[in-house]
Each structure stands twice: as structure tokens, then as C-alpha cells.
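A.B. asks: Okay, here's the structure, questions in a sec.
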Amino acid sequence: MSFKVRLALVILIVLVMFILHNSFWLWDLDSRLPLLFGFMPFAYSYYIGYTILAVLAMRLIIGLAWPDPPEDLFEQPEQKKQVETR
Amino acid sequence: MTNVLGIGLLLSYLFILIAIGVYGAKVSLKTREDYFLAGRGLGSIAVFMALFASNITAFTIIGHAGFSYETGYGAYGYVIGWSIFITPFTYYLVGYRSWLLGKKYGFATQPQVFGGIFNSKLISLLMLVLLLYYTLPYLVVSIIGGSLAFSTVTEGLVPYWVSAMILIGFSLIYTLPAGFRGTVWTDIFQGTLFLVVAAFLLSAVGRALGGFSEITSDIVQNNPAMLERSLAVELAPINWFSYSFVNSIAVVVFPQIYTRILAARSSSNLRQVSLYYPIALAVIFGISTLLGVWGSVAVPGLTGKETDNIVPLLIHQFLTPTWMVLGLVVVLAVVKSSIDSQLLSVAHLVTDDLLPRFKRINSQQAVFLGRILLVVFAAIAYFIALMRPAAILSIAGFAFSGFSVILPVMIGSLYWPRATSQGACAALVLPAIMLHLWYLGILPPWTTFGFMPVFPSFVLAVITLVVVSYFTPVPSPEQREKTFGLFERVFK
């Protein structure tokens, strides 16, 4: 799979997460669903679930589009020690 | 007995900070990169705790609990929901590519990275001015919030002006001698401390109020509106949507956060951080939300700025005096872990990006000047904090919005080879001007179409970058190769 396709999948994941955060159509459930563990109403427990989903989404993004740099990337002679020379 | 225990706890805490400062100064090299960036050698836990602790301010414990007191459980998703995912995602989106450029070319700040991408001193200067302009109010907000909390927890025994002095003084104890390394080590210590103590505090308050289920039943019976987001005026969908563009995406633009990303030792360190971060953020804000909402039935009747006192009031009314001391330590830890990094990043920006425009500065001179600037900015922030210019949330909201509208230029520069320096300049200046026109009330509110000013400003930044870039000459192949040639070797 090319990097552009993988990047497109990353954008799709971000969009899904954004929609899930702005899920106003679910707000009706705030008063209808029972408390989770006796103290978490839906408006609160939803974001416990969202946190788990966020970790999974980041794990997926890492797998798709977060490669390590090649070992020789930082070893080239043109490296500019800008901070030390100014 | 309690006083002895309390004084013992406070002295132990202070001793650890001094020890970190002394040891950090001993192991630090007297070079610019070591003092301001810890030699780019931070491991996963150090980067994670440094990013997390620096990003948690008095707002988390004080302001957010107050907001939850007023709006209910929905405050959790409103303030931090989108951040739980998007903040660690921006560490990938902007952070990783910036880290690659920093490691390759020796860049240490945003003005260097983005000025370097476009080979433009003007971009570098604009970045510097905007970052300083927004960081200083944010720093002052942290000091104001922390000092108010400190003063409240001590029941006025320590007045506001002394509280502010203590917070700033304690921060300088280790930041001045040990620089970046000192702030990171104390972030690890203080971040762990406030997470653990906050969890115990929640448990203790819960028990004192009859148990988690009992207090929640009380809320369901006496204040059911706290459960429903649709009943909170502040959480109206248009505000909820707009707020997605305020705090969550601004974090990576904060210079103290951005610099910490550049200081990571390896790519895998940053990857680990992006997995730990959502959990830590959800935990600390989850605790703060519950304390605020529980407070609405346990200590009813607070209004306006009084609600910011809900956590100290809960401790005072329902827990033993020892908890007050622990609460004091948490406030100190939370506030200082952000103040120290903000102060250091401001001193770093001026030392590395402003002073060299006038005079050549070698590495050792930079460390010396950095230390002087730390004290100067600490004094400036202290005096502004004494004047207390506006309410905590509104100032933070304005600074956060300012940071947010810089993000499109950062993303465009790192992902779009066609972006030009002229486009970037225009996209930095125009949205900043519009943001001011809206916040200062010069433009009528209807011109934002009901959104918070940050959203149209953000959209304007994107449009300006694209349009002006297309109407200005294509960047030279050498300039593009420097950035995108590097990325092509990594992202295949």
C-alpha cells in the first residue's frame, strides 16, 4: 500500500473520531441510559469509551503511517549545527 | 500533629525540588543545546511526563472543576473529549516531522523550524512574536489560577501576592540552575505526584460524601440537569463544535510542548507518548469533572468565579487538615510544572531567536543570557499577575485561540510543498488580526456566524495559505528538497 493511501486512511480515522466526538444525536441518551458502575452517566462514560478508542486509533495510525527514520538519515555531511554556530 | 506532618510534607517537597536543581546543574553541560533541550536525549517516560505535566495547568484542577460545577458531566467531553484523541495525534502530525527536521538540521524552536523550511527570516520573526505574545498571557493565567488556589487552600493565611511569589520562586529554584533537564525531571516527579494524589483525593471526597453511588444518586434526585448535555446552555452544539478548535489543537503549538517533542531521543519515544497520553488526560480531567459535579450538590449555591474554589472548598469542608496540605502540594505541583516550562521556553525563544539578530552569541553566553531572561520574565509575569487583568477562562481561551490559528501554517509547511513564505506570512498575520477584531468587539458578533471566533479564524488561515501560495512563485527546488526530500526518505 502506498504512503498516500495510508495517509488517506489516517485522515479517515481522524474524521471518524471527530464525528464520534461531535455526536450530538446521541445526547438524547444522556437521561435514558442507566449509570455505569452506579456513578457514571452516559455523558461521562461515553468519553471513557472514547479514550479506549483513541488509544486504538493511535495504535492503528502508528502501524499505518509512523515509520522509523532510516539509520543513515542523520549522519550526512550536510548536517548543519545551526544552534552551536550562531 | 497535623501541622508538623503538613510542614514536613511541604519541606520534603521543597527539598526534592532543590535536590533536582542542584543535581541537574551538576550533570548538565554548559551548552545551549543541553541547557534548553537536554541534549535531545529524552526517553519515552521523560517525554511523556514532560508533555503531560507541562500541559496540565491550574485550569485542570481549579477552572475545569468550576466549569463542571456549573455545567455538569458534559464538561468532560466539551473541554477534553476531542483533545483525548487529537492532541496525541498532532504529536504525530506536526511533532514527528518537526522532530525529523530538528534532528537533521539542529533546529530547536518553531521559529527555527518554520523559518528554516521557507529559508525566511520574516517567518521566523513572525512566529517568534506571535508565540511570545500568546505565551505570556498563558503564563500569567497559570500564575493567577495557581495563586488564587494556593491562597484559598490556605484560607487566606498566605495572601495572593505571596502565593504568586512562592509559585514563581519555587519554579526558579531548579529551572535556573538545571534548565530544561531540571524542568523535565521535576515534571516526572510532579506529574506522578499530582496524578496519584488527585486519585486519592477523589476517593477520599467520594467516601466523605457517602460513596460514589450515593453522591451520584443525590445528583440524579436533586440536580438531574447535570446529567444532560442538551440542558447546559454553554454546551450548545455550535459551542461544542467550535471548542474543538480551541484547546485541543493548540497544544502542539505551545512552545514549551513543541520543544519537548524536539528533545525526544528517538521516533519510538514519541510513538509511546501518543499511546500513553489519551489515558493520562482522561484520568486527570475525569477526576476534576467528578469533583466539580459532586461539589454542585455537596456545596451548592456558588456562582460565577466562586465556582473555581470548589475543590479547595470540598477539601476544607469534608476532609482532614492533612488533605489541605496535600491539596496545597498538588496545586504547587500542577501550577509549577507548567510555569517552569513556559518561563524556560520564553527565555529560550528570546535567547535563541531574538538576540542573535543583533549580536553573535556563543553557546556559553546563551546559557548565561537564558538564565538572566528567566528571572526577567518571571518578574514581568509576577507583576502582570498582581494586576489580574481578566477572568481565568477568557484569557486562556484567547491565548489558546491564538495558538490554534498558527497550526494551519505549521501543517501546511510540513505537508504541502507548494506552500510559499508569502502564503505562510499572510496566513499567520491575517487570522491573528481577525481574532483580535472579534475578541475586542470591533467586529459585530454575527460576523462569526454563531461560532467562536477561533473557528472562522482557523478557516481563514487555511484559505489564506492556499490562495496566497498559489498566487506567489513556487518555492525553489533546493528549498523543497531540504524539507520534502528528507520526508520522502522516511515516509515511503
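Ligands are numbered from 1 in the order shown, residues from 1 within each chain, and chains are lettered A, B, ... in the order they appear in the C-alpha cells.
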Write out as number ranges by chain which residues come within 6 Å of segment 422-435 of chain B when counting only C-alpha atoms, dropping same-chain ones fewer than 3 positions away.

C.D. replies: B: 409, 438, 457, 461, 464-465, 468-469

A.B. asks: Hey, could you make a per-residue contact list for chain A against chain B with 8 Å as the cut-off, showing the nearest pair of atoms and its distance in Å to one decimal, counting only C-alpha atoms, sorted by chain and number, as a tab-separated table?

C.D. replies:
```
residue	atom	partner	partner_atom	distance
A:Ser2	CA	B:Lys492	CA	7.3
A:Phe3	CA	B:Lys492	CA	5.8
A:Val14	CA	B:Ile86	CA	7.9
A:Met17	CA	B:Phe85	CA	7.5
A:Phe18	CA	B:Trp82	CA	7.1
A:His21	CA	B:Trp82	CA	6.1
A:Asn22	CA	B:Phe241	CA	6.6
A:Phe24	CA	B:Pro237	CA	6.9
A:Trp27	CA	B:Arg229	CA	6.6
A:Asp28	CA	B:Ser230	CA	7.8
A:Asp30	CA	B:Glu228	CA	5.3
A:Ser31	CA	B:Glu228	CA	6.2
A:Gly38	CA	B:Ser213	CA	5.1
A:Phe39	CA	B:Ser213	CA	5.0
A:Pro41	CA	B:Leu227	CA	6.4
A:Phe42	CA	B:Leu227	CA	7.8
A:Ala43	CA	B:Gly74	CA	5.5
A:Tyr44	CA	B:Tyr73	CA	5.7
A:Tyr47	CA	B:Gly77	CA	6.3
A:Ile48	CA	B:Ala282	CA	7.3
A:Tyr50	CA	B:Gly81	CA	7.8
A:Thr51	CA	B:Pro278	CA	6.1
A:Ile52	CA	B:Ile279	CA	7.9
A:Ala54	CA	B:Phe85	CA	5.0
A:Val55	CA	B:Leu275	CA	5.6
A:Met58	CA	B:Leu275	CA	6.5
A:Arg59	CA	B:Leu275	CA	7.0
A:Ile62	CA	B:Arg271	CA	7.0
A:Ala65	CA	B:Phe491	CA	7.4
A:Trp66	CA	B:Tyr92	CA	7.6
A:Pro67	CA	B:Phe491	CA	6.7
A:Asp68	CA	B:Ser267	CA	6.0
A:Pro69	CA	B:Val490	CA	5.1
A:Pro70	CA	B:Val490	CA	6.5
A:Leu73	CA	B:Lys104	CA	7.5
A:Phe74	CA	B:Lys104	CA	5.3
A:Gln79	CA	B:Tyr105	CA	5.6
A:Lys80	CA	B:Tyr105	CA	5.0
A:Lys81	CA	B:Gly106	CA	5.3
A:Gln82	CA	B:Gly106	CA	5.5
A:Val83	CA	B:Gly106	CA	6.0
A:Glu84	CA	B:Ser363	CA	6.1
A:Thr85	CA	B:Asn362	CA	7.3
A:Arg86	CA	B:Arg360	CA	6.3
```

A.B. asks: Print the selection's residues with C-alpha atoms to a file, as a tab-separated table (two decimals), in the first residue's frame.

C.D. replies:
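Result went into again.tsv, see below:
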```
chain	number	residue	atom	x	y	z
A	2	SER	CA	1.47	3.38	-0.98
A	3	PHE	CA	2.09	6.04	1.65
A	14	VAL	CA	-9.37	11.35	12.21
A	17	MET	CA	-13.00	10.30	15.66
A	18	PHE	CA	-14.15	13.89	15.03
A	21	HIS	CA	-16.80	13.48	19.41
A	22	ASN	CA	-19.46	15.69	17.82
A	24	PHE	CA	-24.99	15.34	19.09
A	27	TRP	CA	-27.18	13.32	23.54
A	28	ASP	CA	-30.77	12.09	23.96
A	30	ASP	CA	-27.88	11.12	28.49
A	31	SER	CA	-31.10	10.85	30.50
A	38	GLY	CA	-23.50	3.21	39.62
A	39	PHE	CA	-21.82	6.60	39.23
A	41	PRO	CA	-23.84	8.83	33.49
A	42	PHE	CA	-23.69	8.42	29.72
A	43	ALA	CA	-22.26	11.94	29.14
A	44	TYR	CA	-19.26	10.82	31.22
A	47	TYR	CA	-15.64	9.55	26.99
A	48	ILE	CA	-14.20	6.60	28.91
A	50	TYR	CA	-13.81	7.29	23.57
A	51	THR	CA	-10.45	7.19	25.38
A	52	ILE	CA	-10.06	3.46	24.71
A	54	ALA	CA	-8.44	6.95	20.88
A	55	VAL	CA	-5.63	4.66	22.04
A	58	MET	CA	-3.38	5.98	17.59
A	59	ARG	CA	-2.06	2.40	17.55
A	62	ILE	CA	1.33	4.25	14.14
A	65	ALA	CA	1.99	5.85	8.78
A	66	TRP	CA	4.61	6.32	11.51
A	67	PRO	CA	7.81	4.67	10.27
A	68	ASP	CA	11.20	4.95	11.92
A	69	PRO	CA	13.69	7.12	10.02
A	70	PRO	CA	16.41	5.26	8.08
A	73	LEU	CA	19.30	9.87	7.80
A	74	PHE	CA	21.05	11.98	10.41
A	79	GLN	CA	24.13	18.32	8.72
A	80	LYS	CA	24.05	21.84	9.93
A	81	LYS	CA	24.83	22.51	13.56
A	82	GLN	CA	22.89	25.74	13.41
A	83	VAL	CA	22.33	26.11	17.13
A	84	GLU	CA	26.01	25.82	18.05
A	85	THR	CA	27.39	28.05	15.30
A	86	ARG	CA	25.17	31.07	15.70
```

A.B. asks: Select, from B:Gly450, B:Val293, B:Ser98, B:Pro300, the residue with the minimum atom-to-atom distance to Leu202 of chain B, counting only C-alpha atoms.

C.D. replies: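 Looking at the shortest contact to Leu202 of chain B, the residue is B:Val293.
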
A.B. asks: What is the atom CA of Asp34 of chain B to atom CA of Gly370 of chain B distance in Å?

C.D. replies: 12.1 Å

A.B. asks: Using only C-alpha atoms, determine which residues lie at most 8 Å from Asn239 of chain B, disregarding the query and same-chain residues fewer than 4 positions distant; provide the list as an mmCIF file with N, CA and C atoms, in the first residue's frame.

C.D. replies:
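File selection_27.cif, as written:
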```cif
data_model
loop_
_atom_site.group_PDB
_atom_site.id
_atom_site.type_symbol
_atom_site.label_atom_id
_atom_site.label_comp_id
_atom_site.auth_asym_id
_atom_site.auth_seq_id
_atom_site.Cartn_x
_atom_site.Cartn_y
_atom_site.Cartn_z
ATOM 1 N N GLU B 234 -24.104 26.530 27.910
ATOM 2 C CA GLU B 234 -22.704 26.700 27.475
ATOM 3 C C GLU B 234 -22.257 25.585 26.533
ATOM 4 N N LEU B 235 -22.935 24.418 26.631
ATOM 5 C CA LEU B 235 -22.517 23.278 25.815
ATOM 6 C C LEU B 235 -23.331 23.154 24.525
ATOM 7 N N TYR B 243 -15.343 24.628 20.081
ATOM 8 C CA TYR B 243 -14.319 24.402 21.102
ATOM 9 C C TYR B 243 -13.309 23.344 20.662
ATOM 10 N N PHE B 451 -20.324 30.940 15.509
ATOM 11 C CA PHE B 451 -19.203 30.139 16.012
ATOM 12 C C PHE B 451 -18.349 31.003 16.941
ATOM 13 N N MET B 452 -17.485 30.318 17.733
ATOM 14 C CA MET B 452 -16.470 31.072 18.476
ATOM 15 C C MET B 452 -15.500 31.642 17.444
#
```

A.B. asks: Go through segment 23-85 of chain A residue by residue and, counting only C-alpha atoms, keep those with an atom at most 9 Å from segment 4-12 of chain A; for each kept residue give the shortest atom pair and its distance in Å to one decimal, ordered by chain and increasing number, as CSV.

C.D. replies:
```
residue,atom,partner,partner_atom,distance
A:Ala57,CA,A:Val10,CA,9.0
A:Leu60,CA,A:Val10,CA,8.4
A:Ile61,CA,A:Val10,CA,6.0
A:Leu64,CA,A:Arg6,CA,5.8
A:Ala65,CA,A:Arg6,CA,6.2
```

A.B. asks: Please return, as a VMD selection string, all residues of chain A that DSSP assigns to helix (DSSP H, G or I) on the basis of the backbone.

C.D. replies: chain A and resid 3 to 21 24 to 30 42 to 65 82 to 85

A.B. asks: Write the selection just made, keeping N, CA and C atoms, as a compact mmCIF listing (two decimals), in the first residue's frame?

C.D. replies:
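Final output, saved to out.txt:
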```txt
# COMPACT_ATOMS: atom_id res chain seq x y z
N PHE A 3 2.21 5.18 0.48
CA PHE A 3 2.09 6.04 1.65
C PHE A 3 0.87 6.97 1.53
N LYS A 4 0.57 7.38 0.28
CA LYS A 4 -0.58 8.28 0.09
C LYS A 4 -1.89 7.60 0.52
N VAL A 5 -2.01 6.33 0.18
CA VAL A 5 -3.23 5.58 0.56
C VAL A 5 -3.28 5.45 2.08
N ARG A 6 -2.12 5.15 2.69
CA ARG A 6 -2.09 5.00 4.15
C ARG A 6 -2.42 6.33 4.83
N LEU A 7 -1.92 7.42 4.23
CA LEU A 7 -2.22 8.75 4.79
C LEU A 7 -3.72 9.06 4.67
N ALA A 8 -4.31 8.62 3.55
CA ALA A 8 -5.76 8.82 3.36
C ALA A 8 -6.53 8.05 4.44
N LEU A 9 -6.05 6.85 4.77
CA LEU A 9 -6.71 6.06 5.82
C LEU A 9 -6.58 6.77 7.18
N VAL A 10 -5.43 7.39 7.40
CA VAL A 10 -5.22 8.15 8.64
C VAL A 10 -6.23 9.29 8.72
N ILE A 11 -6.41 9.99 7.60
CA ILE A 11 -7.37 11.12 7.58
C ILE A 11 -8.78 10.59 7.87
N LEU A 12 -9.09 9.41 7.32
CA LEU A 12 -10.40 8.81 7.55
C LEU A 12 -10.59 8.51 9.05
N ILE A 13 -9.56 7.98 9.68
CA ILE A 13 -9.63 7.69 11.13
C ILE A 13 -9.90 8.99 11.91
N VAL A 14 -9.20 10.06 11.52
CA VAL A 14 -9.37 11.35 12.21
C VAL A 14 -10.81 11.84 12.04
N LEU A 15 -11.34 11.71 10.83
CA LEU A 15 -12.72 12.15 10.58
C LEU A 15 -13.71 11.36 11.43
N VAL A 16 -13.52 10.05 11.49
CA VAL A 16 -14.42 9.21 12.29
C VAL A 16 -14.36 9.64 13.76
N MET A 17 -13.14 9.88 14.26
CA MET A 17 -13.00 10.30 15.66
C MET A 17 -13.66 11.66 15.89
N PHE A 18 -13.55 12.56 14.91
CA PHE A 18 -14.15 13.89 15.03
C PHE A 18 -15.68 13.77 15.08
N ILE A 19 -16.21 12.91 14.21
CA ILE A 19 -17.67 12.71 14.17
C ILE A 19 -18.14 12.09 15.49
N LEU A 20 -17.37 11.12 15.99
CA LEU A 20 -17.76 10.49 17.26
C LEU A 20 -17.73 11.47 18.42
N HIS A 21 -16.83 12.46 18.35
CA HIS A 21 -16.80 13.48 19.41
C HIS A 21 -17.99 14.44 19.28
N PHE A 24 -23.88 14.68 18.39
CA PHE A 24 -24.99 15.34 19.09
C PHE A 24 -26.27 14.50 19.10
N TRP A 25 -26.43 13.64 18.08
CA TRP A 25 -27.63 12.81 18.00
C TRP A 25 -27.70 11.78 19.14
N LEU A 26 -26.56 11.56 19.82
CA LEU A 26 -26.56 10.61 20.94
C LEU A 26 -26.89 11.28 22.28
N TRP A 27 -26.99 12.60 22.28
CA TRP A 27 -27.18 13.32 23.54
C TRP A 27 -28.52 12.97 24.21
N ASP A 28 -29.48 12.50 23.39
CA ASP A 28 -30.77 12.09 23.96
C ASP A 28 -30.60 10.94 24.94
N LEU A 29 -29.52 10.17 24.77
CA LEU A 29 -29.30 9.01 25.64
C LEU A 29 -28.83 9.41 27.04
N ASP A 30 -28.41 10.67 27.20
CA ASP A 30 -27.88 11.12 28.49
C ASP A 30 -28.83 10.82 29.65
N PHE A 42 -24.14 8.63 31.09
CA PHE A 42 -23.69 8.42 29.72
C PHE A 42 -22.77 9.53 29.23
N ALA A 43 -23.07 10.80 29.60
CA ALA A 43 -22.26 11.94 29.14
C ALA A 43 -20.81 11.78 29.60
N TYR A 44 -20.60 11.03 30.66
CA TYR A 44 -19.26 10.82 31.22
C TYR A 44 -18.65 9.51 30.70
N SER A 45 -19.44 8.43 30.79
CA SER A 45 -18.89 7.11 30.41
C SER A 45 -18.59 7.04 28.90
N TYR A 46 -19.32 7.85 28.12
CA TYR A 46 -19.06 7.88 26.67
C TYR A 46 -17.58 8.21 26.42
N TYR A 47 -17.03 9.12 27.21
CA TYR A 47 -15.64 9.55 26.99
C TYR A 47 -14.62 8.59 27.60
N ILE A 48 -15.09 7.69 28.47
CA ILE A 48 -14.20 6.60 28.91
C ILE A 48 -14.02 5.66 27.70
N GLY A 49 -15.15 5.35 27.05
CA GLY A 49 -15.08 4.52 25.84
C GLY A 49 -14.29 5.20 24.74
N TYR A 50 -14.49 6.51 24.61
CA TYR A 50 -13.81 7.29 23.57
C TYR A 50 -12.29 7.26 23.79
N THR A 51 -11.88 7.24 25.07
CA THR A 51 -10.45 7.19 25.38
C THR A 51 -9.84 5.87 24.90
N ILE A 52 -10.55 4.78 25.16
CA ILE A 52 -10.06 3.46 24.71
C ILE A 52 -9.95 3.45 23.19
N LEU A 53 -10.97 4.02 22.55
CA LEU A 53 -10.98 4.09 21.08
C LEU A 53 -9.82 4.96 20.56
N ALA A 54 -9.53 6.04 21.29
CA ALA A 54 -8.44 6.95 20.88
C ALA A 54 -7.09 6.23 20.93
N VAL A 55 -6.89 5.41 21.95
CA VAL A 55 -5.63 4.66 22.04
C VAL A 55 -5.54 3.67 20.87
N LEU A 56 -6.65 2.99 20.58
CA LEU A 56 -6.66 2.04 19.47
C LEU A 56 -6.42 2.76 18.14
N ALA A 57 -7.05 3.91 17.99
CA ALA A 57 -6.88 4.69 16.75
C ALA A 57 -5.42 5.12 16.58
N MET A 58 -4.80 5.57 17.68
CA MET A 58 -3.38 5.98 17.59
C MET A 58 -2.50 4.78 17.27
N ARG A 59 -2.84 3.63 17.83
CA ARG A 59 -2.06 2.40 17.55
C ARG A 59 -2.16 2.08 16.06
N LEU A 60 -3.34 2.23 15.50
CA LEU A 60 -3.57 1.95 14.08
C LEU A 60 -2.79 2.94 13.22
N ILE A 61 -2.82 4.21 13.61
CA ILE A 61 -2.11 5.25 12.86
C ILE A 61 -0.60 4.98 12.88
N ILE A 62 -0.10 4.56 14.04
CA ILE A 62 1.33 4.25 14.14
C ILE A 62 1.68 3.13 13.17
N GLY A 63 0.83 2.11 13.13
CA GLY A 63 1.08 0.98 12.23
C GLY A 63 1.01 1.39 10.77
N LEU A 64 0.11 2.32 10.47
CA LEU A 64 -0.10 2.71 9.08
C LEU A 64 0.95 3.70 8.56
N ALA A 65 1.26 4.72 9.38
CA ALA A 65 1.99 5.85 8.78
C ALA A 65 3.05 6.48 9.69
N GLN A 82 23.29 24.34 13.37
CA GLN A 82 22.89 25.74 13.41
C GLN A 82 22.94 26.34 14.81
N VAL A 83 22.45 25.57 15.78
CA VAL A 83 22.33 26.11 17.13
C VAL A 83 23.70 26.47 17.70
N GLU A 84 24.70 25.60 17.45
CA GLU A 84 26.01 25.82 18.05
C GLU A 84 26.80 26.91 17.35
N THR A 85 26.54 27.13 16.05
CA THR A 85 27.39 28.05 15.30
C THR A 85 26.92 29.49 15.37
```

A.B. asks: List the spatial neighbours of Gln317 of chain B as a list in words - criterion: any atom at most 12 Å away, only C-alpha atoms, same-chain residues fewer than 3 positions off excluded.

C.D. replies: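 Near neighbours after the sequence-gap exclusion: Val153, Glu155, Val205, Ala208, Leu209, Gly295, Ala298, Val299, Asn309, Ile310, Val311, Pro312, Leu313, Leu314, Thr320, Pro321, Trp323 and Met324 of chain B.
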